[in-house]
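J.: You'll find upload28.csv just under this line, and it carries CSV, C-alpha atoms.
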```csv
chain,number,residue,atom,x,y,z
A,1,MET,CA,-5.6,18.2,30.9
A,2,ILE,CA,-8.1,16.8,28.4
A,3,LEU,CA,-6.7,14.3,25.9
A,4,ARG,CA,-7.4,15.5,22.4
A,5,ALA,CA,-5.2,13.4,20.1
A,6,VAL,CA,-3.5,10.1,19.7
A,7,LEU,CA,-0.2,9.9,17.8
A,8,PHE,CA,0.8,6.5,16.5
A,9,ASP,CA,4.2,5.2,15.5
A,10,LEU,CA,4.2,3.1,12.4
A,11,ASP,CA,6.8,0.4,12.2
A,12,GLY,CA,6.3,-2.2,14.9
A,13,THR,CA,3.3,-0.4,16.3
A,14,LEU,CA,0.8,-0.5,13.5
A,15,LEU,CA,2.8,-2.2,10.8
A,16,ASP,CA,4.7,-5.5,10.9
A,17,SER,CA,7.6,-4.2,8.7
A,18,ALA,CA,10.4,-6.1,10.4
A,19,PRO,CA,10.3,-9.0,7.9
A,20,TYR,CA,10.6,-6.6,5.0
A,21,TRP,CA,13.7,-5.0,6.5
A,22,GLN,CA,15.3,-8.3,7.4
A,23,THR,CA,14.8,-9.6,3.8
A,24,ALA,CA,16.3,-6.4,2.4
A,25,TRP,CA,19.3,-6.5,4.8
A,26,ARG,CA,20.0,-10.1,3.9
A,27,ALA,CA,19.8,-9.3,0.2
A,28,LEU,CA,22.2,-6.3,0.6
A,29,THR,CA,24.6,-8.5,2.7
A,30,THR,CA,24.5,-11.3,0.1
A,31,ALA,CA,25.4,-8.8,-2.6
A,32,ARG,CA,28.4,-7.9,-0.5
A,33,PHE,CA,29.4,-11.6,-0.3
A,34,ALA,CA,29.0,-11.3,3.5
A,35,GLU,CA,26.9,-12.8,6.2
A,36,LEU,CA,24.9,-11.0,8.9
A,37,PRO,CA,26.3,-12.1,12.3
A,38,ASP,CA,23.9,-12.5,15.2
A,39,GLY,CA,23.1,-9.2,16.9
A,40,VAL,CA,24.1,-6.9,14.0
A,41,LEU,CA,20.5,-5.8,13.4
A,42,ASP,CA,19.6,-5.6,17.1
A,43,ASP,CA,18.5,-2.3,18.7
A,44,LEU,CA,17.6,-0.6,15.3
A,45,THR,CA,13.9,-0.3,16.1
A,46,GLY,CA,12.7,3.2,16.0
A,47,LEU,CA,15.8,4.6,14.2
A,48,SER,CA,15.6,6.4,10.9
A,49,THR,CA,17.0,4.4,7.9
A,50,PRO,CA,20.2,6.6,7.7
A,51,ASP,CA,20.9,6.1,11.4
A,52,ALA,CA,20.2,2.4,11.2
A,53,VAL,CA,22.5,2.0,8.1
A,54,ALA,CA,25.2,4.0,9.8
A,55,THR,CA,24.9,1.7,12.9
A,56,VAL,CA,25.2,-1.5,10.8
A,57,HIS,CA,28.1,-0.1,8.8
A,58,ARG,CA,30.0,0.5,12.1
A,59,ARG,CA,29.1,-3.0,13.4
A,60,MET,CA,30.1,-4.7,10.1
A,61,ARG,CA,33.1,-2.4,9.6
A,62,TRP,CA,31.9,-1.5,6.1
A,63,ASP,CA,33.4,1.5,4.3
A,64,GLY,CA,30.5,1.8,1.9
A,65,ASP,CA,28.5,4.9,1.2
A,66,VAL,CA,25.6,5.2,3.7
A,67,PRO,CA,23.2,7.2,1.4
A,68,THR,CA,23.7,4.6,-1.3
A,69,ASP,CA,22.7,1.8,1.0
A,70,VAL,CA,19.8,3.8,2.4
A,71,ALA,CA,18.4,4.3,-1.1
A,72,TRP,CA,18.9,0.6,-1.9
A,73,LEU,CA,17.2,-0.7,1.2
A,74,GLU,CA,14.3,1.8,1.1
A,75,ALA,CA,13.7,0.9,-2.6
A,76,ASN,CA,13.6,-2.8,-1.7
A,77,VAL,CA,11.2,-2.3,1.2
A,78,SER,CA,9.0,0.1,-0.7
A,79,GLN,CA,8.6,-2.5,-3.4
A,80,ALA,CA,7.5,-5.0,-0.8
A,81,LEU,CA,5.1,-2.6,0.8
A,82,ARG,CA,3.5,-1.8,-2.5
A,83,LYS,CA,2.7,-5.5,-2.9
A,84,HIS,CA,1.4,-6.1,0.6
A,85,VAL,CA,1.0,-4.0,3.7
A,86,ALA,CA,1.1,-6.2,6.8
A,87,TRP,CA,-0.9,-4.3,9.4
A,88,LEU,CA,-0.5,-5.8,12.9
A,89,PRO,CA,-3.7,-7.4,14.3
A,90,GLY,CA,-6.0,-4.9,15.8
A,91,ALA,CA,-4.0,-1.9,14.6
A,92,LEU,CA,-6.4,-0.3,12.1
A,93,ARG,CA,-9.4,-1.2,14.4
A,94,LEU,CA,-7.8,0.7,17.2
A,95,VAL,CA,-7.1,3.8,15.1
A,96,SER,CA,-10.7,3.8,13.8
A,97,GLU,CA,-12.0,3.5,17.4
A,98,VAL,CA,-9.9,6.4,18.5
A,99,ARG,CA,-11.3,8.6,15.7
A,100,ALA,CA,-14.8,7.4,16.5
A,101,ALA,CA,-14.3,8.6,20.0
A,102,GLY,CA,-13.8,12.1,18.7
A,103,LEU,CA,-10.0,12.4,19.0
A,104,ALA,CA,-7.6,13.6,16.4
A,105,THR,CA,-5.1,11.0,15.1
A,106,GLY,CA,-1.6,11.4,13.8
A,107,LEU,CA,1.2,9.2,12.4
A,108,VAL,CA,4.7,10.0,13.7
A,109,THR,CA,7.3,7.7,12.2
A,110,SER,CA,11.0,7.6,11.5
A,111,SER,CA,10.3,6.1,8.1
A,112,SER,CA,10.9,8.3,5.1
A,113,ARG,CA,8.1,9.8,3.1
A,114,PRO,CA,8.6,7.4,0.2
A,115,LEU,CA,8.3,4.4,2.5
A,116,VAL,CA,5.1,5.9,4.1
A,117,ASP,CA,3.7,6.6,0.6
A,118,SER,CA,4.3,3.0,-0.3
A,119,ALA,CA,2.4,1.8,2.8
A,120,LEU,CA,-0.3,4.5,2.5
A,121,PRO,CA,-0.5,5.5,-1.2
A,122,ASP,CA,-3.5,7.7,-0.6
A,123,ARG,CA,-2.2,9.0,2.8
A,124,ARG,CA,-5.4,7.5,4.3
A,125,PRO,CA,-7.2,10.7,5.5
A,126,ASP,CA,-9.8,8.4,7.0
A,127,LEU,CA,-7.1,7.3,9.5
A,128,PHE,CA,-4.7,10.2,10.2
A,129,ASP,CA,-5.2,13.9,10.5
A,130,VAL,CA,-1.5,14.5,10.2
A,131,ILE,CA,1.5,12.4,9.1
A,132,VAL,CA,5.0,13.3,10.1
A,133,CYS,CA,7.9,11.3,8.5
A,134,GLY,CA,11.5,11.0,9.4
A,135,ASP,CA,12.6,13.3,6.6
A,136,ASP,CA,10.1,16.0,7.6
A,137,VAL,CA,12.3,17.1,10.5
A,138,GLU,CA,16.1,17.8,10.8
A,139,ARG,CA,16.4,15.5,13.9
A,140,PRO,CA,14.4,12.3,13.9
A,141,LYS,CA,13.6,10.1,16.9
A,142,PRO,CA,14.8,10.0,19.7
A,143,ASP,CA,14.9,13.7,19.3
A,144,PRO,CA,11.5,15.3,20.3
A,145,SER,CA,11.2,17.2,17.0
A,146,PRO,CA,8.9,14.7,15.2
A,147,TYR,CA,6.3,14.8,18.0
A,148,LEU,CA,6.6,18.5,18.5
A,149,TYR,CA,6.0,19.1,14.8
A,150,ALA,CA,2.9,16.8,14.8
A,151,VAL,CA,1.5,18.6,17.9
A,152,GLU,CA,2.1,21.9,16.2
A,153,ARG,CA,0.3,20.9,13.1
A,154,LEU,CA,-2.7,19.7,15.1
A,155,GLN,CA,-2.7,23.1,16.9
A,156,LEU,CA,-2.5,21.3,20.3
A,157,THR,CA,-0.1,21.1,23.2
A,158,PRO,CA,2.0,18.0,24.0
A,159,PRO,CA,0.1,17.2,27.2
A,160,GLU,CA,-3.1,17.0,25.1
A,161,CYS,CA,-1.6,14.2,23.1
A,162,VAL,CA,-0.6,10.6,23.8
A,163,ALA,CA,1.9,8.7,21.7
A,164,VAL,CA,1.6,5.0,21.1
A,165,GLU,CA,5.1,3.6,20.7
A,166,ASP,CA,6.8,0.1,20.6
A,167,SER,CA,10.4,1.2,20.8
A,168,VAL,CA,12.6,2.8,23.5
A,169,THR,CA,13.7,5.3,20.8
A,170,GLY,CA,10.1,6.4,20.1
A,171,VAL,CA,9.2,6.5,23.8
A,172,ALA,CA,12.2,8.8,24.4
A,173,SER,CA,11.1,11.1,21.6
A,174,ALA,CA,7.5,11.4,22.8
A,175,THR,CA,8.5,11.8,26.4
A,176,ALA,CA,11.0,14.5,25.6
A,177,ALA,CA,8.3,16.3,23.6
A,178,GLY,CA,6.0,16.3,26.7
A,179,CYS,CA,3.4,13.9,25.3
A,180,ARG,CA,1.9,11.2,27.4
A,181,VAL,CA,3.0,7.7,26.2
A,182,VAL,CA,1.5,4.2,26.0
A,183,HIS,CA,4.3,1.7,25.4
A,184,ILE,CA,2.9,-1.3,23.4
A,185,GLY,CA,4.2,-4.8,22.9
A,186,HIS,CA,3.2,-7.7,20.8
A,187,THR,CA,2.8,-10.6,23.3
A,188,GLY,CA,1.2,-9.0,26.4
A,189,SER,CA,3.9,-10.8,28.5
A,190,ASN,CA,5.5,-7.6,29.8
A,191,PRO,CA,3.3,-6.0,32.5
A,192,ASP,CA,4.7,-2.6,31.6
A,193,GLU,CA,3.5,-2.8,28.0
A,194,ALA,CA,0.1,-3.2,26.4
A,195,ALA,CA,-0.5,-5.6,23.5
A,196,ILE,CA,-2.0,-3.6,20.7
A,197,ASP,CA,-4.3,-6.4,19.6
A,198,GLU,CA,-5.8,-6.3,23.1
A,199,LEU,CA,-6.3,-2.5,23.2
A,200,ASP,CA,-9.5,-0.7,22.5
A,201,ALA,CA,-10.0,3.1,22.6
A,202,ALA,CA,-11.3,3.1,26.1
A,203,THR,CA,-8.4,1.2,27.5
A,204,LEU,CA,-5.9,3.3,25.6
A,205,LEU,CA,-7.3,6.5,27.0
A,206,ARG,CA,-7.3,5.0,30.5
A,207,LEU,CA,-3.6,4.0,30.2
A,208,ALA,CA,-2.8,7.5,28.9
A,209,ARG,CA,-3.9,9.2,32.1
```
Would you mind writing the structure in this file as structure tokens?
T.:
Amino acid sequence: MILRAVLFDLDGTLLDSAPYWQTAWRALTTARFAELPDGVLDDLTGLSTPDAVATVHRRMRWDGDVPTDVAWLEANVSQALRKHVAWLPGALRLVSEVRAAGLATGLVTSSSRPLVDSALPDRRPDLFDVIVCGDDVERPKPDPSPYLYAVERLQLTPPECVAVEDSVTGVASATAAGCRVVHIGHTGSNPDEAAIDELDAATLLRLAR
């Protein structure tokens, strides 16, 4: 089947947001007069903020209110994003090349709409034909709902779309939706992953076959 669209994840795929989240988590932990033990923030990549916060609460044995911490963390990260958006090297170039090749593009992220609006205040219609955020669906990644919703909005079928993802959670979501998947990394050291700064549109389309 002919490939007609490329659906990009945001955090860790196009945007280097990890430092923002690490800073926010440290600030929240400091406010609780606690320390972040090694491993507490592991394996959160690709999760929605509520799921990530619930996971950390369990690991830290905190009894705090999850929605309150979600709001605090997202406000902190949103403020940082409004000051500076750290796109990964080659990310915006790749999206532009895909569009120049005549394919539709989408953004499918577990981040909430306020966070995405902080990173993309004008929604960047020159980059994405559709944007699906974590709070646009009842069940975020790894559920297939985010990708199915994006495909539906593009009026395509899942096999006509390839997802570009950096996390196991995102790959599971896209695969369950029936999309093709290109799993990207950041060092190029894993032969099963492609480094996004080394990808061009032609290579991405070849990997998606």
J.: Using only C-alpha atoms, which of A:Leu127, A:Ile2, A:Leu120, A:Cys161 sits nearest A:Arg93?
T.: A:Leu127
J.: Can you tell me, as a list in words, which residues sit within 8 Å of (15.5, 12.9, 23.4) in the file's frame, using only C-alpha atoms?
T.: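 Those residues lying close to the given coordinates are Lys141, Pro142, Asp143, Pro144, Ala172, Ser173, Thr175, Ala176 and Ala177 of chain A.
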J.: Given all atoms listed in the file as the basis, pick out the residue of A:Asp11, A:Glu160, A:Asp65, A:Asp197 nearest to A:Leu81.
T.: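 Comparing A:Asp11, A:Glu160, A:Asp65, A:Asp197 against A:Leu81, the winner is A:Asp11.
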J.: Please, what distance in Å, to one decimal, runs between atom CA of A:Gly178 and atom CA of A:Leu92?
T.: 25.3 Å
J.: Taking (-11.4, 8.9, 14.2) in the file's own coordinates, collect the residues within 10 Å, counting all atoms listed in the file, and hand them back as a list of chain:residue names.
T.: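 Answer for this query, in the requested form: A:Ala5, A:Val6, A:Leu94, A:Val95, A:Ser96, A:Glu97, A:Val98, A:Arg99, A:Ala100, A:Ala101, A:Gly102, A:Leu103, A:Ala104, A:Thr105, A:Pro125, A:Asp126, A:Leu127, A:Phe128, A:Asp129.
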J.: Can you work out which one of A:Trp62, A:Tyr20, A:Phe33, A:Trp25 has the shortest atom-to-atom distance to A:Lys83, counting only C-alpha atoms?
T.: A:Tyr20
J.: My list of candidates is A:Glu138, A:Glu198, A:Asp42, A:Asp166. Which is closest to A:Gly12 when distances are computed with all atoms listed in the file?
T.: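 Under the stated criterion, the closest residue is A:Asp166.
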J.: Which one is closest to A:Leu7: A:Leu47, A:Ala52, A:Val164, A:Ala31? Count all atoms listed in the file.
T.: A:Val164
J.: Near A:Arg59, within 10 Å and counting all atoms listed in the file, which residues show up once chain neighbours fewer than 4 positions away are dropped, as a PyMOL selection string?
T.: chain A and resi 37+39-41+53-55
J.: To one decimal in Å, tell me the separation between atom CA of A:Ala194 and atom CA of A:Leu44.
T.: 20.9 Å
